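Okay, so here's the structure we're looking at.
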Amino acid sequence: MLASAGPLAAAAEQIGRARAVVAEAPAGVAGNDLRGLAQDVRGRLPANDPGVVLLASRADGSNGAVAFVAAVNERGQAIGLGAGDLVKVFAPIIGARGGGKPDVAQGAGGDASRLPEALRAARAYLADHA
């Protein structure tokens with residue numbers, strides 16, 4: 001699964017002042033595995049740029065529950081971005097709960113059918129705050 005980190009980091013987009021990866025991870029990746037993947041992707045982003053990662057994975061590949069992790073590097077935190085804040089925008093849209101610290105936050109639950117809407121909201125949040 002960590003093999004996914006390279007292609008995800010390579011697909012980072014510029015959103016505001018941040019290099020961001022806001023994406024759906026492979027289905028069935030949850031908990032510590034998803035957290036490790038998000039941190040690996042964050043580590044592959046340019047260290048001198050604000051970097052943000054938000055990955056979400058459908059529990060079973062369907063419209064069931066979603067696991068998600070946000071990770072923000074030190075430069076991102078320096079411009080006021082926080083993983084916990086990003087999760088607070090993302091989670092309610094899919095009907096999930098989550099939380100964490102400025103560097104890493106995560107959660108699970110909700111309705112995966114609303115995942116595209118939640119990912120769009122996360123990008124919009126970054127566009128407004130980065």
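Following the order of the structure tokens, first chain is A, next is B, and so on, with residues numbered from 1 inside each chain and ligands from 1 in the order they appear.
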* Quick one: everything within 10 Å of Asn32 in chain A, counting only C-alpha atoms, minus sequence neighbours fewer than 5 positions away in the same chain. Send it as a ChimeraX atom specification. => /A:37-38,69,106
* Apply DSSP to the backbone of this structure and, from chain A, keep only the residues in alpha helix (DSSP H); write these as a PyMOL selection string. => chain A and resi 5-10+31-44+74-78+83-94+115-129
So that I can check the surroundings of range 112-125 of chain A, please list as a PDB file with all heavy atoms, in the first residue's frame every protein, DNA and RNA residue that reaches within 6 Å of it, counting only C-alpha atoms and ignoring chain neighbours fewer than 2 positions away.
```pdb
ATOM      1  N   ASN A  63     -20.697   2.119  -0.834  1.00  0.00           N
ATOM      2  CA  ASN A  63     -21.150   3.358  -0.210  1.00  0.00           C
ATOM      3  C   ASN A  63     -21.325   3.210   1.293  1.00  0.00           C
ATOM      4  O   ASN A  63     -22.131   3.892   1.903  1.00  0.00           O
ATOM      5  CB  ASN A  63     -22.432   3.855  -0.866  1.00  0.00           C
ATOM      6  CG  ASN A  63     -22.164   4.460  -2.220  1.00  0.00           C
ATOM      7  OD1 ASN A  63     -21.073   4.963  -2.469  1.00  0.00           O
ATOM      8  ND2 ASN A  63     -23.129   4.401  -3.099  1.00  0.00           N
ATOM      9  N   GLY A  64     -20.572   2.306   1.911  1.00  0.00           N
ATOM     10  CA  GLY A  64     -20.595   2.144   3.357  1.00  0.00           C
ATOM     11  C   GLY A  64     -19.770   3.213   4.036  1.00  0.00           C
ATOM     12  O   GLY A  64     -19.669   4.346   3.577  1.00  0.00           O
ATOM     13  N   ALA A  65     -19.145   2.832   5.116  1.00  0.00           N
ATOM     14  CA  ALA A  65     -18.359   3.773   5.915  1.00  0.00           C
ATOM     15  C   ALA A  65     -17.074   4.183   5.206  1.00  0.00           C
ATOM     16  O   ALA A  65     -16.610   3.530   4.275  1.00  0.00           O
ATOM     17  CB  ALA A  65     -18.030   3.144   7.264  1.00  0.00           C
ATOM     18  N   VAL A  66     -16.505   5.280   5.687  1.00  0.00           N
ATOM     19  CA  VAL A  66     -15.279   5.844   5.136  1.00  0.00           C
ATOM     20  C   VAL A  66     -14.280   6.035   6.275  1.00  0.00           C
ATOM     21  O   VAL A  66     -14.641   6.506   7.348  1.00  0.00           O
ATOM     22  CB  VAL A  66     -15.556   7.219   4.486  1.00  0.00           C
ATOM     23  CG1 VAL A  66     -14.275   7.859   3.988  1.00  0.00           C
ATOM     24  CG2 VAL A  66     -16.572   7.081   3.363  1.00  0.00           C
ATOM     25  N   PHE A  90     -14.495  18.253   6.499  1.00  0.00           N
ATOM     26  CA  PHE A  90     -14.740  17.051   5.705  1.00  0.00           C
ATOM     27  C   PHE A  90     -15.757  16.094   6.345  1.00  0.00           C
ATOM     28  O   PHE A  90     -16.710  15.656   5.701  1.00  0.00           O
ATOM     29  CB  PHE A  90     -13.393  16.337   5.505  1.00  0.00           C
ATOM     30  CG  PHE A  90     -13.463  15.051   4.763  1.00  0.00           C
ATOM     31  CD1 PHE A  90     -13.425  15.028   3.379  1.00  0.00           C
ATOM     32  CD2 PHE A  90     -13.557  13.841   5.435  1.00  0.00           C
ATOM     33  CE1 PHE A  90     -13.482  13.840   2.688  1.00  0.00           C
ATOM     34  CE2 PHE A  90     -13.620  12.647   4.753  1.00  0.00           C
ATOM     35  CZ  PHE A  90     -13.578  12.645   3.370  1.00  0.00           C
ATOM     36  N   ILE A  93     -19.841  16.293   6.318  1.00  0.00           N
ATOM     37  CA  ILE A  93     -20.491  16.135   5.016  1.00  0.00           C
ATOM     38  C   ILE A  93     -20.830  14.676   4.752  1.00  0.00           C
ATOM     39  O   ILE A  93     -21.873  14.367   4.189  1.00  0.00           O
ATOM     40  CB  ILE A  93     -19.610  16.731   3.896  1.00  0.00           C
ATOM     41  CG1 ILE A  93     -19.525  18.238   4.090  1.00  0.00           C
ATOM     42  CG2 ILE A  93     -20.163  16.386   2.513  1.00  0.00           C
ATOM     43  CD1 ILE A  93     -18.520  18.922   3.209  1.00  0.00           C
ATOM     44  N   ILE A  94     -19.949  13.768   5.185  1.00  0.00           N
ATOM     45  CA  ILE A  94     -20.236  12.351   4.985  1.00  0.00           C
ATOM     46  C   ILE A  94     -20.936  11.741   6.201  1.00  0.00           C
ATOM     47  O   ILE A  94     -21.208  10.542   6.220  1.00  0.00           O
ATOM     48  CB  ILE A  94     -18.964  11.545   4.631  1.00  0.00           C
ATOM     49  CG1 ILE A  94     -17.918  11.648   5.737  1.00  0.00           C
ATOM     50  CG2 ILE A  94     -18.404  11.975   3.289  1.00  0.00           C
ATOM     51  CD1 ILE A  94     -16.744  10.702   5.566  1.00  0.00           C
ATOM     52  N   ALA A 127      -8.558  26.269  -0.593  1.00  0.00           N
ATOM     53  CA  ALA A 127      -8.476  27.420  -1.481  1.00  0.00           C
ATOM     54  C   ALA A 127      -8.737  28.718  -0.714  1.00  0.00           C
ATOM     55  O   ALA A 127      -8.112  29.742  -0.987  1.00  0.00           O
ATOM     56  CB  ALA A 127      -9.459  27.277  -2.637  1.00  0.00           C
ATOM     57  N   ASP A 128      -9.623  28.666   0.261  1.00  0.00           N
ATOM     58  CA  ASP A 128      -9.957  29.846   1.052  1.00  0.00           C
ATOM     59  C   ASP A 128      -8.966  30.136   2.174  1.00  0.00           C
ATOM     60  O   ASP A 128      -8.853  31.281   2.618  1.00  0.00           O
ATOM     61  CB  ASP A 128     -11.344  29.693   1.675  1.00  0.00           C
ATOM     62  CG  ASP A 128     -12.464  29.775   0.651  1.00  0.00           C
ATOM     63  OD1 ASP A 128     -12.211  30.246  -0.474  1.00  0.00           O
ATOM     64  OD2 ASP A 128     -13.592  29.344   0.993  1.00  0.00           O
TER      65      ASP A 128
END
```
* Identify, on the basis of only C-alpha atoms, every residue whose closest approach to Arg97 in chain A does not exceed 7 Å; exclude the query and any residue fewer than 4 positions from it along the same chain; express the result as a PyMOL selection string. => chain A and resi 91-92+107-109
Take the residues from that selection and write them out as a PDB file, in the first residue's frame, keeping N, CA and C atoms.
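As a result, again_13.pdb now contains:
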```
ATOM      1  N   ALA A  91     -15.542  15.753   7.605  1.00  0.00           N
ATOM      2  CA  ALA A  91     -16.308  14.702   8.271  1.00  0.00           C
ATOM      3  C   ALA A  91     -17.819  14.918   8.300  1.00  0.00           C
ATOM      4  N   PRO A  92     -18.321  16.097   8.657  1.00  0.00           N
ATOM      5  CA  PRO A  92     -19.773  16.258   8.741  1.00  0.00           C
ATOM      6  C   PRO A  92     -20.504  16.030   7.413  1.00  0.00           C
ATOM      7  N   GLY A 107     -10.518  10.032  11.254  1.00  0.00           N
ATOM      8  CA  GLY A 107     -11.853   9.667  11.670  1.00  0.00           C
ATOM      9  C   GLY A 107     -12.391   8.565  10.788  1.00  0.00           C
ATOM     10  N   ALA A 108     -13.642   8.186  11.071  1.00  0.00           N
ATOM     11  CA  ALA A 108     -14.276   7.123  10.288  1.00  0.00           C
ATOM     12  C   ALA A 108     -15.780   7.203  10.471  1.00  0.00           C
ATOM     13  N   GLY A 109     -16.476   6.513   9.566  1.00  0.00           N
ATOM     14  CA  GLY A 109     -17.928   6.424   9.622  1.00  0.00           C
ATOM     15  C   GLY A 109     -18.549   7.075   8.423  1.00  0.00           C
TER      16      GLY A 109
END
```
* Please provide the set of residues having any atom within 12 Å of Gln77 in chain A, restricted to only C-alpha atoms, with same-chain residues fewer than 4 positions apart removed, written as a VMD selection string. => chain A and resid 17 to 18 49 to 52 71 to 73 81 to 86 101 to 104 129 to 130
For N, CA and C atoms, I'd like the residues from the last selection saved as a tab-separated table (two decimals), in the first residue's frame.
```tsv
chain	number	residue	atom	x	y	z
A	17	ARG	N	-1.74	28.54	-1.38
A	17	ARG	CA	-0.28	28.50	-1.18
A	17	ARG	C	0.23	27.11	-0.87
A	18	ALA	N	-0.64	26.11	-0.82
A	18	ALA	CA	-0.25	24.77	-0.39
A	18	ALA	C	-0.19	23.78	-1.55
A	49	ASP	N	7.58	23.86	1.04
A	49	ASP	CA	6.25	24.37	0.70
A	49	ASP	C	5.25	23.89	1.74
A	50	PRO	N	4.20	24.70	1.99
A	50	PRO	CA	3.11	24.18	2.82
A	50	PRO	C	2.53	22.94	2.14
A	51	GLY	N	2.37	21.86	2.89
A	51	GLY	CA	1.86	20.61	2.34
A	51	GLY	C	0.71	20.07	3.14
A	52	VAL	N	-0.32	19.61	2.41
A	52	VAL	CA	-1.53	19.09	3.04
A	52	VAL	C	-1.92	17.80	2.33
A	71	ALA	N	-3.18	15.14	7.04
A	71	ALA	CA	-1.84	15.39	7.56
A	71	ALA	C	-1.33	16.70	6.97
A	72	VAL	N	-0.76	17.54	7.81
A	72	VAL	CA	-0.25	18.85	7.39
A	72	VAL	C	1.19	18.98	7.86
A	73	ASN	N	2.09	19.40	6.96
A	73	ASN	CA	3.48	19.56	7.35
A	73	ASN	C	3.70	20.85	8.15
A	81	LEU	N	-2.77	26.35	8.58
A	81	LEU	CA	-3.55	25.15	8.24
A	81	LEU	C	-3.38	24.11	9.33
A	82	GLY	N	-4.45	23.38	9.60
A	82	GLY	CA	-4.40	22.32	10.60
A	82	GLY	C	-5.17	21.11	10.14
A	83	ALA	N	-4.62	19.93	10.41
A	83	ALA	CA	-5.30	18.69	10.02
A	83	ALA	C	-6.66	18.57	10.71
A	84	GLY	N	-6.71	18.93	11.99
A	84	GLY	CA	-7.98	18.86	12.72
A	84	GLY	C	-9.04	19.76	12.12
A	85	ASP	N	-8.63	20.95	11.67
A	85	ASP	CA	-9.58	21.88	11.04
A	85	ASP	C	-10.11	21.31	9.73
A	86	LEU	N	-9.23	20.68	8.96
A	86	LEU	CA	-9.65	20.09	7.69
A	86	LEU	C	-10.64	18.95	7.92
A	101	LYS	N	-4.87	16.50	15.91
A	101	LYS	CA	-3.98	17.63	16.17
A	101	LYS	C	-3.68	18.38	14.88
A	102	PRO	N	-2.96	19.48	14.97
A	102	PRO	CA	-2.65	20.24	13.76
A	102	PRO	C	-1.86	19.46	12.71
A	103	ASP	N	-1.04	18.50	13.16
A	103	ASP	CA	-0.23	17.75	12.19
A	103	ASP	C	-0.94	16.55	11.60
A	104	VAL	N	-1.73	15.83	12.39
A	104	VAL	CA	-2.45	14.65	11.90
A	104	VAL	C	-3.79	14.54	12.60
A	129	HIS	N	-8.26	29.10	2.66
A	129	HIS	CA	-7.42	29.27	3.86
A	129	HIS	C	-5.93	29.12	3.64
A	130	ALA	N	-5.53	28.59	2.49
A	130	ALA	CA	-4.09	28.37	2.26
A	130	ALA	C	-3.45	29.59	1.63
```
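For range 64-123 of chain A, the set of residues given strand (DSSP E or B) by DSSP on the backbone reads A:Val66, A:Ala67, A:Phe68, A:Val69, A:Ala70, A:Ala71, A:Val72, A:Ala96, A:Arg97, A:Gly98, A:Gly99, A:Gly100, A:Val104, A:Ala105, A:Gln106, A:Gly107, A:Ala108, A:Gly109.
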* All residues 6 Å or closer to Glu24 in chain A, only C-alpha atoms, same chain fewer than 3 positions away omitted, as a count of residues only -> 3
* **For Ala12 in chain A, the nearest of the candidates A:Arg75, A:Arg58, A:Arg42, A:Arg35, counting only C-alpha atoms** =>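 Of A:Arg75, A:Arg58, A:Arg42, A:Arg35, the one nearest Ala12 in chain A, counting only C-alpha atoms, is A:Arg42.
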* Asked: Distance CA of Ala105 in chain A-CA of Val41 in chain A, one decimal place?
  -> 14.6 Å
* Could you jot down the CA of Ala3 in chain A to CA of Gly16 in chain A separation for me, Å, one decimal place? =>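 Value for the CA of Ala3 in chain A-CA of Gly16 in chain A distance: 27.5 Å.
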* Separation of CA of Ala70 in chain A from CA of Val22 in chain A, in Å and rounded to one decimal -> 8.9 Å
